[in-house]
Amino acid sequence: MATTASGIYEHFLGLLGPGDGGAHRPGPRAGADTWRGSARARYGEWSDAAGHTHPAFLTRDEWVRNQIDLARCLDGLLTEDDVVIVAVPYELSFVGAEVERAIELVGAAVIGVGTSDTICPLPRVLDLMGQYGATVLVCSATVAARLAALAVARGQRPADSAVRLVVTTGEASSAERRERVAALWGADASELYGTASTPTVAVPCAAGALHLCDHRLRAAVRTPGADGPAAFRGELLLAFGTADTPDTPDTPDAPNGANGANGAAEPTGQFVELGPADGGCGCGARSPVLAPLGRVAELVGSASGPVSAVDVERIVFGFPEFAPYFAAELRPGGFTVTCAVPDGAAAAADEVLRQAVEAEVRRGLGIDVDVRIVEAKDWEAVTS
């Protein structure tokens with residue numbers, strides 16, 4: 001990292017209250033009247049599964065600490081020679097502004113295109129990528145796949161572009177789909193994870209796993225709708241503090257000791273897999289490994305527990321025939337899934353493949369699923 005960026009880090013750290021770590025932070029669902037004091041820095045909003053919006057707040061200290069963690073991560077992924085397309089939400093969201101600032105600290109160039117599809121729709125994004133030789137995409141797996149499809153429709157080969165890295169964020173997706181999307185671009189794949197109120201929750205390691213930022217966050221999972229903790233899969237609960245932060249007596253119901261001197265654990269509405277600390281990741285890091293699985297409100301119940309669309313996606317991309325496009329719509333008792341195969345695939349083969357996927361999902365996950373298979377060239381038309 002450049003010396004100037006390191007100096008900025010030191011300046012930022014000097015601004016933080018000693019030992020604060022976010023202790024005065026109101027919860028993400030707190031009302032505007034609770035957001036007081038000189039520590040306030042960022043206001044945002046998040047939408048629940050029903051489309052209702054809620055306020056989210058970040059103190060100055062939190063905002064800076066989230067940026068620093070992300071910048072330290074990106075310092076291992078980017079160089080000062082990179083040109084980065086940032087196609088993530090900006091309006092009333094933390095992620096766009098945070099990603100841009102972190103990239104700038106590393107020293108790379110930023111083209112912030114957002115996701116509104118108004119000022120900079122996807123054709124314009126693709127034009128900018130070619131015009132300025134973009135080397136890195138930061139976006140959802142779906143946006144990266146749509147950009148690749150648009151390039152193909154224009155007679156281009158995405159793998160011939162300058163893109164060397166696709167960093168996905170903002171959408172839960174399987175590792176299998178991320179790798180397949182990145183392969184379209186002839187690029188490597190990486191992932192970032194945050195929630196609506198905590199933009200940097202987990203960052204990737206050299207082995208490709210997401211590690212919790214446990215030097216400032218404590219995490220636990222609980223079975224959705226239940227009071228007790230779950231061992232591995234469940235709704236993510238976050239609190240500020242570290243593993244050695246003592247529990248706070250007045251918040252005894254926080255699961256797995258996720259509460260502490262910096263506040264009680266908050267439910268995030270996000271379903272995850274959370275491994276134990278020192279769980280033996282190949283990178284050697286001892287912090288817990290986290291895998292995002294989508295919203296709690298978008299789960300399907302089964303005899304063995306809640307099932308997410310990402311669980312279905314993992315099975316789908318266990319079949320090598322599929323192109324890296326995936327859409328799932330929740331319905332009673334299961335999902336309706338749309339997948340794609342390369343152009344020109346035989347309809348009879350698609351039918352055999354469809355039946356095989358549906359059978360594997362029912363066998364492996366214990367839920368119902370309806371699978372529709374289209375050719376890659378028709379993806380935009382059937383999913384927009």
# chains A, B, ... in the order shown; residues from 1 in each chain; ligands from 1
>>> residues_around(residues="Ala144 (chain A)", least_positions_apart="2", cutoff="9 Å", atoms="only C-alpha atoms", output="VMD selection string")
chain A and resid 137 to 142 146 to 149 166 168 181 to 182 185
>>> select_by_dssp(residues="region 20-255 of chain A", states="alpha helix (DSSP H)", output="number ranges by chain")
A: 60-74, 95-106, 122-132, 141-153, 175-184
>>> residues_around(residues="Glu273 (chain A)", least_positions_apart="6", cutoff="6 Å", atoms="only C-alpha atoms", output="list in words")
Phe232, Arg233, Leu290 and Ala291 of chain A
>>> atom_distance(atom1="CA of Arg295 (chain A)", atom2="CA of Gly366 (chain A)")
19.4 Å
>>> select_by_dssp(residues="region 158-378 of chain A", states="strand (DSSP E or B)", output="JSON, numbers by chain")
{"A": [165, 166, 167, 168, 188, 189, 190, 191, 193, 202, 203, 204, 210, 211, 212, 217, 218, 219, 220, 221, 222, 229, 233, 234, 235, 236, 237, 238, 239, 240, 260, 263, 266, 267, 268, 269, 270, 271, 272, 273, 274, 289, 290, 291, 292, 293, 294, 295, 300, 307, 323, 324, 325, 326, 327, 328, 329, 330, 331, 334, 335, 336, 337, 338, 339, 340, 341, 368, 369, 370, 371, 372, 373, 374, 375]}
>>> residues_around(residues="region 211-217 of chain A", least_positions_apart="5", cutoff="6 Å", atoms="only C-alpha atoms", output="JSON, numbers by chain")
{"A": [201, 202, 203, 239, 240, 241, 242, 287, 288, 289]}
>>> residues_around(residues="Val95 (chain A)", least_positions_apart="4", cutoff="9 Å", atoms="only C-alpha atoms", output="PyMOL selection string")
chain A and resi 88-90+99-100+170+194+196+199-200
>>> residues_around(residues="region 324-328 of chain A", least_positions_apart="4", cutoff="6 Å", atoms="only C-alpha atoms", output="PyMOL selection string")
chain A and resi 177+180-181+336-340
>>> residues_around(residues="Gly130 (chain A)", least_positions_apart="3", cutoff="12 Å", atoms="only C-alpha atoms", output="number ranges by chain")
A: 83, 85, 123-127, 133-135, 147, 151, 156-158, 160-163
>>> write_last_selection(atoms="all heavy atoms", output="short mmCIF file (atom, residue, chain, number, x, y, z; two decimals), in the first residue's frame")
data_model
loop_
_atom_site.label_atom_id
_atom_site.label_comp_id
_atom_site.auth_asym_id
_atom_site.auth_seq_id
_atom_site.Cartn_x
_atom_site.Cartn_y
_atom_site.Cartn_z
N VAL A 83 -8.22 -0.36 -12.69
CA VAL A 83 -9.38 0.50 -12.96
C VAL A 83 -10.60 -0.31 -12.54
O VAL A 83 -10.87 -1.37 -13.11
CB VAL A 83 -9.46 0.90 -14.44
CG1 VAL A 83 -10.73 1.73 -14.69
CG2 VAL A 83 -8.21 1.66 -14.87
N ILE A 85 -14.60 -0.88 -11.79
CA ILE A 85 -16.00 -0.55 -12.00
C ILE A 85 -16.77 -0.93 -10.73
O ILE A 85 -16.74 -2.09 -10.31
CB ILE A 85 -16.58 -1.32 -13.20
CG1 ILE A 85 -15.94 -0.86 -14.50
CG2 ILE A 85 -18.10 -1.18 -13.25
CD1 ILE A 85 -16.41 0.48 -15.00
N PRO A 123 -25.58 -1.09 -20.90
CA PRO A 123 -24.82 -0.83 -22.13
C PRO A 123 -23.77 0.26 -21.94
O PRO A 123 -22.66 0.16 -22.48
CB PRO A 123 -25.91 -0.41 -23.12
CG PRO A 123 -27.14 -1.09 -22.65
CD PRO A 123 -27.04 -1.04 -21.15
N ARG A 124 -24.11 1.29 -21.17
CA ARG A 124 -23.15 2.35 -20.90
C ARG A 124 -22.01 1.83 -20.03
O ARG A 124 -20.84 2.22 -20.21
CB ARG A 124 -23.86 3.52 -20.21
CG ARG A 124 -22.95 4.69 -19.84
CD ARG A 124 -22.42 5.39 -21.07
NE ARG A 124 -21.65 6.56 -20.69
CZ ARG A 124 -20.45 6.83 -21.18
NH1 ARG A 124 -19.89 6.04 -22.08
NH2 ARG A 124 -19.82 7.93 -20.82
N VAL A 125 -22.33 0.98 -19.05
CA VAL A 125 -21.28 0.39 -18.21
C VAL A 125 -20.29 -0.38 -19.08
O VAL A 125 -19.06 -0.24 -18.94
CB VAL A 125 -21.89 -0.55 -17.15
CG1 VAL A 125 -20.78 -1.26 -16.36
CG2 VAL A 125 -22.79 0.23 -16.20
N LEU A 126 -20.81 -1.17 -20.01
CA LEU A 126 -19.93 -1.95 -20.89
C LEU A 126 -19.07 -1.04 -21.76
O LEU A 126 -17.89 -1.33 -22.00
CB LEU A 126 -20.78 -2.89 -21.75
CG LEU A 126 -20.07 -4.11 -22.34
CD1 LEU A 126 -19.50 -4.99 -21.25
CD2 LEU A 126 -21.04 -4.90 -23.20
N ASP A 127 -19.65 0.07 -22.22
CA ASP A 127 -18.88 1.03 -23.00
C ASP A 127 -17.72 1.59 -22.17
O ASP A 127 -16.58 1.71 -22.65
CB ASP A 127 -19.77 2.18 -23.47
CG ASP A 127 -20.78 1.75 -24.51
OD1 ASP A 127 -20.58 0.69 -25.14
OD2 ASP A 127 -21.79 2.47 -24.68
N GLY A 133 -10.50 0.46 -20.10
CA GLY A 133 -9.75 -0.75 -19.79
C GLY A 133 -9.95 -1.24 -18.37
O GLY A 133 -8.99 -1.54 -17.66
N ALA A 134 -11.21 -1.33 -17.95
CA ALA A 134 -11.51 -1.78 -16.58
C ALA A 134 -10.89 -3.14 -16.31
O ALA A 134 -11.01 -4.06 -17.12
CB ALA A 134 -13.02 -1.82 -16.35
N THR A 135 -10.26 -3.27 -15.17
CA THR A 135 -9.59 -4.52 -14.80
C THR A 135 -10.31 -5.27 -13.68
O THR A 135 -10.04 -6.45 -13.48
CB THR A 135 -8.15 -4.24 -14.35
OG1 THR A 135 -8.17 -3.32 -13.26
CG2 THR A 135 -7.33 -3.66 -15.50
N LEU A 147 -23.68 -8.39 -17.63
CA LEU A 147 -22.71 -7.65 -18.44
C LEU A 147 -22.03 -8.57 -19.45
O LEU A 147 -21.81 -8.20 -20.61
CB LEU A 147 -21.67 -6.99 -17.54
CG LEU A 147 -22.10 -5.71 -16.83
CD1 LEU A 147 -21.10 -5.34 -15.74
CD2 LEU A 147 -22.26 -4.56 -17.83
N ALA A 151 -22.16 -8.33 -23.53
CA ALA A 151 -20.97 -8.33 -24.37
C ALA A 151 -21.07 -9.38 -25.47
O ALA A 151 -20.75 -9.11 -26.64
CB ALA A 151 -19.72 -8.57 -23.51
N GLN A 156 -18.90 -9.66 -28.76
CA GLN A 156 -17.61 -9.59 -28.06
C GLN A 156 -17.40 -10.86 -27.23
O GLN A 156 -18.35 -11.58 -26.93
CB GLN A 156 -17.58 -8.36 -27.15
CG GLN A 156 -17.82 -7.05 -27.86
CD GLN A 156 -18.07 -5.91 -26.89
OE1 GLN A 156 -18.06 -6.08 -25.67
NE2 GLN A 156 -18.30 -4.71 -27.43
N ARG A 157 -16.16 -11.09 -26.87
CA ARG A 157 -15.82 -12.17 -25.95
C ARG A 157 -15.41 -11.55 -24.62
O ARG A 157 -14.38 -10.90 -24.53
CB ARG A 157 -14.68 -13.02 -26.50
CG ARG A 157 -15.11 -14.14 -27.43
CD ARG A 157 -13.88 -14.89 -27.99
NE ARG A 157 -12.83 -15.09 -26.99
CZ ARG A 157 -12.76 -16.13 -26.17
NH1 ARG A 157 -13.68 -17.07 -26.22
NH2 ARG A 157 -11.76 -16.24 -25.31
N PRO A 158 -16.23 -11.72 -23.56
CA PRO A 158 -15.86 -11.12 -22.27
C PRO A 158 -14.46 -11.52 -21.81
O PRO A 158 -13.74 -10.70 -21.23
CB PRO A 158 -16.93 -11.67 -21.32
CG PRO A 158 -18.09 -11.98 -22.20
CD PRO A 158 -17.52 -12.42 -23.51
N ASP A 160 -11.91 -11.78 -23.44
CA ASP A 160 -10.87 -11.00 -24.13
C ASP A 160 -10.72 -9.60 -23.55
O ASP A 160 -9.85 -8.83 -23.99
CB ASP A 160 -11.21 -10.88 -25.62
CG ASP A 160 -11.08 -12.21 -26.34
OD1 ASP A 160 -10.37 -13.10 -25.83
OD2 ASP A 160 -11.69 -12.37 -27.42
N SER A 161 -11.56 -9.23 -22.61
CA SER A 161 -11.47 -7.90 -22.01
C SER A 161 -10.29 -7.84 -21.04
O SER A 161 -9.61 -8.83 -20.79
CB SER A 161 -12.77 -7.57 -21.26
OG SER A 161 -12.84 -8.31 -20.04
N ALA A 162 -10.09 -6.65 -20.46
CA ALA A 162 -9.00 -6.47 -19.50
C ALA A 162 -9.36 -6.92 -18.09
O ALA A 162 -8.51 -6.90 -17.20
CB ALA A 162 -8.59 -4.99 -19.47
N VAL A 163 -10.62 -7.34 -17.88
CA VAL A 163 -11.06 -7.71 -16.53
C VAL A 163 -10.27 -8.91 -16.02
O VAL A 163 -10.24 -9.96 -16.66
CB VAL A 163 -12.57 -8.01 -16.51
CG1 VAL A 163 -13.01 -8.53 -15.13
CG2 VAL A 163 -13.37 -6.77 -16.88
#
>>> closest_residue(among="A:Ala303, A:Ala108, A:Asp311, A:Val374", to="Ala71 (chain A)", atoms="only C-alpha atoms")
A:Ala108
>>> closest_residue(among="A:Arg372, A:Arg60, A:Arg286, A:Lys377", to="Val352 (chain A)", atoms="only C-alpha atoms")
A:Arg372
>>> closest_residue(among="A:Arg65, A:Arg42, A:Arg178, A:Arg331", to="Ala97 (chain A)", atoms="only C-alpha atoms")
A:Arg42
